[in-house]
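Participant: Mind looking over this structure? Questions follow.
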Amino acid sequence: MALGRSHIVTGRKARKFCTAMLAWLDQKTEIVEHADQSSQYFEPAHAAYYGGRPGQPLKLMLQARSDFLSIWRRADYREHVAEFKLLGRQLVIVNSPEAIRYVVAKRHENFERKTPQMRRALEYLLGDGLFISDKETWKQRRPLVSDIVHKNRVPAFGSIMQNTASELADRWQSLGEGAEVNALFEMAGLTAEIISRSVFGNDLGEEGANAVTEGFASYQSLVDSVNFGYFLGFDEGLPIIRTPSLNRSVKRIHRIIDQVIEDHLAGKGDNSSMVELLIRRQQRNPELKLDVVALRNEAATIFMAGHETTAATLTWAWYLLAGAPWVEEAVHAEIEAVCGDRVPSIDDVAKLDWCRAVIEETLRLYPPVPILARQVAEPDQIGDVKIRKAALVLIVPWILHRTDSLFPEPHRFYPERFLGAARPAPYSYIPFAAGPRVCPGLQFGLTEAILCLAILAQRFRVRVRDGHKVQPQCRLTLRPRDGMPVTVHRRRG
C-alpha cells in the first residue's frame, strides 16, 4: 500500500508539473476591443500591451512564435530607437520617422537585405523573386517589375477590377439575404481572380483561384514565425523543414503558375497581361536571364503580393465598417452621390474620398506586412545606437501606426484623419514600406481595394457573425485568426 501511495503522489506531481509547463509554453494573447455607438467610438481588435517580466528571452520568443503582435510593451509605442539582445543576437527597434528615413532611404543599401526568417520562409515558394532578392538581382529586376505595375498602367486594369467585383456581387446576391460567408476567403478569391486576369491575362477560374488561395493560406500556417537557427548563431538562419504538407502547398501553387507561363511561351497568352510584358522584355533583353524559373518567381511574387495583401485589407475593412455603422453610412452616401445607380468604375476612384479614407485607415490599423525587418550588411549607427554586422533592424508599422505622437487616439478607427488635405508626416505611415523598396504595386493595390469596396458596399452591408471574436494574427502577413465569418445583407439590387 505504501508503494502504491508513493506512485500516486509521484503521478500527481508529474501531472502538476506537465500542466504548469504546458501553460507556460502555451502563450495566450489578450485582445482588446471597445465600441461605443453613442459617442461614435470604435477601437477594433488589437493585442494588449505585453506585461511579461523582463529577462525571459525564451518566453518572449515563444510568445513571438505564437503572435508577433503581442510582444510589445506600452513603452514600445513611442518615437524612439532601442536595442535589446536575444540569446546574444542584437535586435534594434526603429520607431522614429527620421530614423526610419535613415534606414530605408539614406542608407538603404546597408539595410536592404531581408531577414533570414523572411528569406528562409519564402525562398521555397518565391525563389529569387523581387520581394526577397537583393544586390544585383534586385537592381536588375526592380525597374522591370516596377514598369509592369506602374501607376500609369493601372487604368488599363480598371475593367478587370470592376467586372470581377461585380461578378462577386452577383454571386452574393444569389446566396440570399443574411447568407454567411468567410470574408477572408471571399476577398482572397476576388483578388486572386483580379490579379490572375491582370498578371496572366486570362481567367484563373474558381478551381485555380481556390487552389492558389488555399495553397498560400496553408503555406503561411506551416511556416514557422521565428527562425531559431539565426538566434543560435547562424547568420543565414537554417532552411525550413520541407514537410510533405509544405511540399503539397508549394506544388499546388507552382503547378498553376507554371502552366500559365508555359501557355504564354507557346503563344497562347493575352498580349496585355503583365506576365506577357515580362516575356517580351526578356526577348528584347536576353541579358536579363529571365528563364522559365525566374519568370515563375517574379509572376508568383507579383501574384502573392497583389492577391494576399489586398484580400487582407478588404477583409479588415468589412470588419471596421461593421463596427462603425456611422462611417458605413457616410460611405454609402458618397457612393450614391458619385455613382447613383450605376456600378462604380475606376474613373470614380478619385472622387470616392470616404472609400479611400476607410482603406487608408484600414492600412494604418492593420498593415498587411506589419513587420519590416532587415539584416545589417555592415556595422552602422542609428541615432545613438551602434549596430553590429548581421544584427536585425525591425521597423514595425503595427507599432509606428499606433504611436500616439504621430496618430492621436492611435487605436481608434477614425478614417476622418485621412480626409482633406492633411497627410501623415513622411515615414510615419508606411503600409507599403518606403524608400527604394516601396511596394511597386502600391497604386494597383490601393485602387483595387477602393474600387472593390465601393462596388460591394453599394449593394451590401457586411456584419461579423454574432459571437465571433476577431483576433489579428501575424504570420507572413496580417490576417484575422480563423478567418472572418460574416453575414451579407442586401442594400439594393
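Labels for the C-alpha cells follow display order: chains A, B, ..., residues from 1 in each chain, ligands from 1.
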If DSSP is run on the backbone, what residues of segment 265-428 of chain A are helix (DSSP H, G or I)? A reply as number ranges by chain would be ideal.

Facilitator: A: 265, 274-284, 286-288, 292-323, 325-339, 346-351, 353-365, 397-400, 415-418

Participant: Which neighbours of segment 89-96 of chain A fall inside 10 Å, counting only C-alpha atoms, when residues of the same chain fewer than 2 positions from it are skipped, and could you give them as a PyMOL selection string?

Facilitator: chain A and resi 76-87+98-103+230-233+235+373-375+382-383+385-397+399-401+403+406+427-428

Participant: Grab the atom CA of Glu360 of chain A to atom CA of Ser159 of chain A distance for me, in Å with one decimal place.

Facilitator: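 Between atom CA of Glu360 of chain A and atom CA of Ser159 of chain A the gap works out to 22.6 Å.
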
Participant: A:Asp347, A:Ile335, A:Leu320, A:Val488: which is nearest His34 of chain A, counting only C-alpha atoms?

Facilitator: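 Selected residue with least distance to His34 of chain A: A:Leu320.
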
Participant: What's the 7 Å shell around Tyr49 of chain A, counting only C-alpha atoms, without same-chain residues fewer than 4 positions away, as a VMD selection string?

Facilitator: chain A and resid 70 72 to 74

Participant: Set the distance at 10 Å and use only C-alpha atoms: which residues neighbour segment 160-173 of chain A once local chain neighbours fewer than 3 positions away are removed? I'd like the list as a CSV table (one decimal) with C-alpha atoms, in the first residue's frame.

Facilitator:
```
chain,number,residue,atom,x,y,z
A,155,PRO,CA,-6.3,52.3,-65.6
A,156,ALA,CA,-5.7,49.5,-68.1
A,157,PHE,CA,-6.8,47.0,-65.5
A,176,GLY,CA,-30.0,35.1,-50.3
A,177,GLU,CA,-30.5,37.6,-47.5
A,178,GLY,CA,-28.2,37.1,-44.5
A,179,ALA,CA,-26.1,34.4,-46.0
A,180,GLU,CA,-23.0,33.6,-44.1
A,181,VAL,CA,-19.6,33.5,-45.8
A,186,GLU,CA,-14.3,35.6,-50.3
A,187,MET,CA,-11.8,38.5,-50.6
A,189,GLY,CA,-10.9,34.6,-54.2
A,190,LEU,CA,-11.8,38.1,-55.6
A,191,THR,CA,-8.3,39.4,-55.5
A,193,GLU,CA,-9.1,36.4,-59.8
A,194,ILE,CA,-8.3,40.1,-60.4
A,195,ILE,CA,-4.5,39.5,-60.2
A,196,SER,CA,-4.9,36.4,-62.4
A,197,ARG,CA,-6.6,38.3,-65.1
A,198,SER,CA,-4.2,41.2,-64.8
A,201,GLY,CA,-4.3,37.7,-69.0
A,203,ASP,CA,-9.5,33.7,-66.1
A,343,VAL,CA,-21.7,50.4,-60.9
A,344,PRO,CA,-18.6,52.3,-59.6
A,345,SER,CA,-15.8,52.4,-62.1
A,346,ILE,CA,-12.1,53.2,-62.0
A,447,THR,CA,-7.0,51.4,-56.5
A,448,GLU,CA,-8.2,47.8,-56.4
A,449,ALA,CA,-9.2,48.0,-52.7
A,451,LEU,CA,-13.0,50.2,-56.2
A,452,CYS,CA,-13.9,46.7,-54.8
A,453,LEU,CA,-15.0,48.2,-51.6
A,454,ALA,CA,-17.3,50.7,-53.4
A,455,ILE,CA,-18.8,48.1,-55.8
A,456,LEU,CA,-19.7,45.7,-53.0
A,457,ALA,CA,-20.7,48.3,-50.4
A,458,GLN,CA,-23.1,49.8,-53.0
A,459,ARG,CA,-25.2,46.6,-52.8
A,460,PHE,CA,-24.4,45.1,-49.4
A,488,VAL,CA,-24.2,39.5,-46.0
A,489,HIS,CA,-27.2,41.8,-46.2
A,490,ARG,CA,-28.7,43.4,-49.3
A,492,ARG,CA,-30.4,47.1,-53.1
A,493,GLY,CA,-30.3,45.2,-56.4
```
